[in-house]
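*Asks:* Quick one: the structure is below, and I'll ask about it shortly.
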Amino acid sequence: MLTLFLLLPVAGALIAIALPAAREAEAKVIALAFTGLNLTLAVVMYAVFDRGIEGYQFVERFEWIQGASAGFSVQYVVGVDGLSAPLIVLLGLLSMVSVLVSWKIDVKPKQYFAWLLILESAVAGVFLSLDLIQFFLFWELELLPMFFLISQWGSGRRVYSATKFLIYTLAGSALMLVGFLVIGFGAKTFDIEALTKTPPQETIVPLAIVFWAIMLAFLVKLPVFPLHTWLPDAHTDAPTAVSVMLAGVLLKMGGYGILRIVLPLMPNEAHDFSKILATIAGFSVIWGAVITLRQTDLKRLVAYSSVSHMGYVLLGVSALGPVGLSGAALQMFTHGCITGLLFVMVGMIYDRTHTREIAKLRGLMHHMPLIGTVFIVAGLASLGLPAMSGFVAELTVFLGSIQAHPAATMAAVFGVVLSAGYILWTVERILHGPKTHDFHDLTDAKQWWEITAMTVLVVAIIGVGIWPAVLTDTVRLGIEPIAKIVEAAS
Amino acid sequence: MTFFDQVHAVGPALALYVGAGAVLSADLLQGRRAAIWGLAVVAGVVSLGWTLAQFVFGVETGALGGAVRVDAFSIYLAAIIGGVVLAVTLAAREWASVLEQAAEFYALLLVSAGSMVLLAQADDLITLFVALETTSIAQFILAGVTRNDRSSEAGLKYLLTGAVAAAILLYGFAFLFGMAGTTSLEGIAVWVASAPEAQRLPLMLAFVFVAVGIGFKMALVPSHAWAPDVYEGSPALVATFLSVASKAAGFAVALRLFYTALGGGDTFIAQDWGKMFAVLAALSMIVGNTGALLQTNAKRLLGYSSIAQAGNIAVGLAAVAAGSTAGPSGVLFFLGAYAVTNVGAFVVVSLVADRLGSEQIADYAGLVKRSPAAAIVLSLCLVSLTGIPPTAGFVAKVYIFNAAVQSGERWLVALVALAVLNTAISAFYYLRWVRTMILDEPRDATPFRASGGVQFVLAVSAVGVLLFGFDPSPLIHAAQNAAAALL
């Protein structure tokens, strides 16, 4: 089932590419069908997922590179647990949304939708892999579709931004591979499940160095200050769908890597360095929020707010307790939905007004009440209003981290105040105010694909907000074993 | 051992030599280009087929009075060399049809390849040196085969540096012979195993000379400087042959000389030569990658890239010295993956040089619109050279780095860290080229087509790059068998 989830988008990409030129417009239909199918698969998996047992489910494994005699064998093994199951649903959801918001793409649509589908496969591979080498493989694979999507279908300095994204991630992941090899050699296996049971003790390089070698890659991806500068550039110049994918699921790969690999495999080092992580997190939250306040470009604003919000994930992680870790996992899911929706809205506004300059936008509520309302919903969710998913996640993070790192937590709570500031201020500037003649011929969101894209995300955000158990029960199941390992090490 | 066993043992090399003779005779008697090309292709096919037959039906190990040793290792390399020479011949048909000395080109190519096969089989310092020199002399002429100024300059440069390298190598051999009293590699191995510690210094001198001499074939620092110049000056198809087959032969000799004769892991001298290769690997990667960053000429860039890749493979040699079990097969796997990748890249460069009359990377702008197949294959090869999945290059790099870490030596872990950072640097210039081909607008969008032979070679290369990326097990298996034969 999981292998099917991994391969379906690739099949879709191949079909899209194989379309004759005369029928290239149908690529989007194929992409929608395959992402829809994948979302269904993800939801079914999530529903069938057994919440009574810990550990991995739906595991599929076979030996991929057979070379045990010479000490080089790599297995293919996929599985989900409570940590990755929600992320797979998120991935399915946002992949479909990103196809919907790309409905009007008419420049090389075959290639565009094929890359989008391959991106879904690559990210799915990261979330599903239970082998370090396989994990690394998908981690690197995700770069190619991203690079081409940004550099070919982006705007502004798109090639520069795509290259910057590529180099940051490659430099980050280079040392990750060394870290994986050292761990794998020390423990004689690359299997994440086996490594979690018996974390490596003796390695040829001190584990502290390995910890940072691997951590660096994840911190770049998350991203946190000062490794974040690729993010605003990539977001600003990326097409809407790619921004949705980038903020919605790609950033989560960083948090996921920390929870899945760094903490269980190197719990002692995590304790040694938790103060440093908390400091980075607190600083990232505040710094990201302050920079967000100063943005004049709507898309850059949402991009910087991501830096601030992903700081919460790291803060939850640095607390190293079950509550904080759960908060981090929840924050990953909710931030994916909320920021995904925000980028969708920014894209819709830009499509109509052809500007992202906040100064030029005003009174949009008069012309597009639906877009305005959904933007407000997304904004409120982003600032952590109760009854929306953001609140649940942020509260859990703070509850988990307040005892371990009071100062960093206080800083982060102040970050919430700042985020309320920039969200409400933005809403006030662009949506309200008098009618202007410039925008008199604008139409509201009426197309079915726009309505569908907005609806699924709003339902997800509010659904989790009023019924958090649908998410928290599963997440707890995934976090508990990790928390046990981490607490045992302290 | 009957006469036929002897012939069977050296068959793959023999086929190439006979092919060279036939090509020259046909040229003398008839002079029809198609016939000449056909003969060269037949020679390549027979050689490759013969290698396959040796693999399937087995072969007597020692032949020619112990001068050569035909085992899984030599078969593996003969397959790579035979494959490369066949690919070059197939791709060369159109290009060579306008060449004044087409017959000489094919004949020299076959002679050089035949000697490389012998080189991979050599079990004796004398055979080794003779095979090496035959290969090199044919290549010196090949580099200058188009007879224009740049090509002649490349040939002469190659000749001069090659002569110096050969002299140094021979000097190293003299040391080895002087100490061990034998030219047989096995004899040297026996002597090294029981050599007194006092022989350490002369042994080190010997292997430093040998490494510098062999490094010339591998394009390894400090014998690397010829590569960008010669690649740039010589025809692209000759450069293909130099960069792939020559490198494979060079590393084959290095494995035989160092791993078999000087011993990996368990001899007192192994750490010394391991560290030497670690330093050479580090320098090669740095020199190659920083040099490539600034290049605007496609062949020059591939020249520097070839130096950097030699550095990657030398990481594997260092791992061999440190006793890593995956070391020798890692080197061999890398050579196989590198062969399919680099042949694809160079053949596209040759095609573009032929059609556009330019080797400037800037002129590759929008290549995907003019020849989608060429652009896609070259992109795939460059991605593989960078080491990004799902390509053969990715598996090769992970394999070799894993072998190095596996040895459990800290200096090797540091070397691997340097190597992966270099990979990130290399991504910059490889992917910049990909970007130019796919994203930039062409100045002139007229499409062009490749000839059938070139298309075939490109298809095989692309399939190989992806196949060994998705399912490397068969090649890994072959490499492990080959490595097992070394001891």
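Just remember, in the structure tokens the first chain shown is A, the second B, etc., residues are 1-based per chain, and ligands are 1-based in the order shown.
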Leaving out B:Glu409 and any residue of its chain fewer than 5 positions from it, which residues lie within 9 Å of it when counting only C-alpha atoms, given as a PDB file with N, CA and C atoms, in the first residue's frame?
*Replies:*
ATOM      1  N   ILE A 204      33.497   5.746  15.233  1.00  0.00           N
ATOM      2  CA  ILE A 204      34.891   6.164  15.055  1.00  0.00           C
ATOM      3  C   ILE A 204      35.042   7.667  15.194  1.00  0.00           C
TER       4      ILE A 204
ATOM      5  N   ALA B 319      40.851   3.411   1.044  1.00  0.00           N
ATOM      6  CA  ALA B 319      40.059   2.484   1.860  1.00  0.00           C
ATOM      7  C   ALA B 319      40.590   1.064   1.708  1.00  0.00           C
ATOM      8  N   ALA B 322      43.410   0.592   3.949  1.00  0.00           N
ATOM      9  CA  ALA B 322      43.036   0.518   5.361  1.00  0.00           C
ATOM     10  C   ALA B 322      42.322  -0.788   5.681  1.00  0.00           C
ATOM     11  N   ALA B 404      35.047   3.580   2.723  1.00  0.00           N
ATOM     12  CA  ALA B 404      36.070   4.330   3.447  1.00  0.00           C
ATOM     13  C   ALA B 404      35.719   4.443   4.928  1.00  0.00           C
ATOM     14  N   ALA B 414      37.520  11.698   7.802  1.00  0.00           N
ATOM     15  CA  ALA B 414      37.772  13.099   7.451  1.00  0.00           C
ATOM     16  C   ALA B 414      37.844  13.257   5.942  1.00  0.00           C
TER      17      ALA B 414
END
*Asks:* Neighbours of A:His354 within 12 Å (only C-alpha atoms; same-chain residues fewer than 5 positions away dropped), as a PyMOL selection string?
*Replies:* chain A and resi 298+346-349+360-361+438-439+442
*Asks:* What residues in chain A lie within 10 Å of chain B, counting only C-alpha atoms, written as a ChimeraX atom specification?
*Replies:* /A:63-74,133,136-144,147-148,151-152,159,163,166-186,188,203-205,213
*Asks:* Report as a ChimeraX atom specification all protein, DNA and RNA residues lying within 9 Å of stretch 14-23 of chain B, evaluated on only C-alpha atoms, omitting residues in the same chain fewer than 3 positions from it.
*Replies:* /B:7,10-11,26-28,35-44,46-47,50,82,103-104,106-115
*Asks:* Do you have the atom CA of B:Tyr430-atom CA of B:Asp363 distance handy?
*Replies:* 15.4 Å
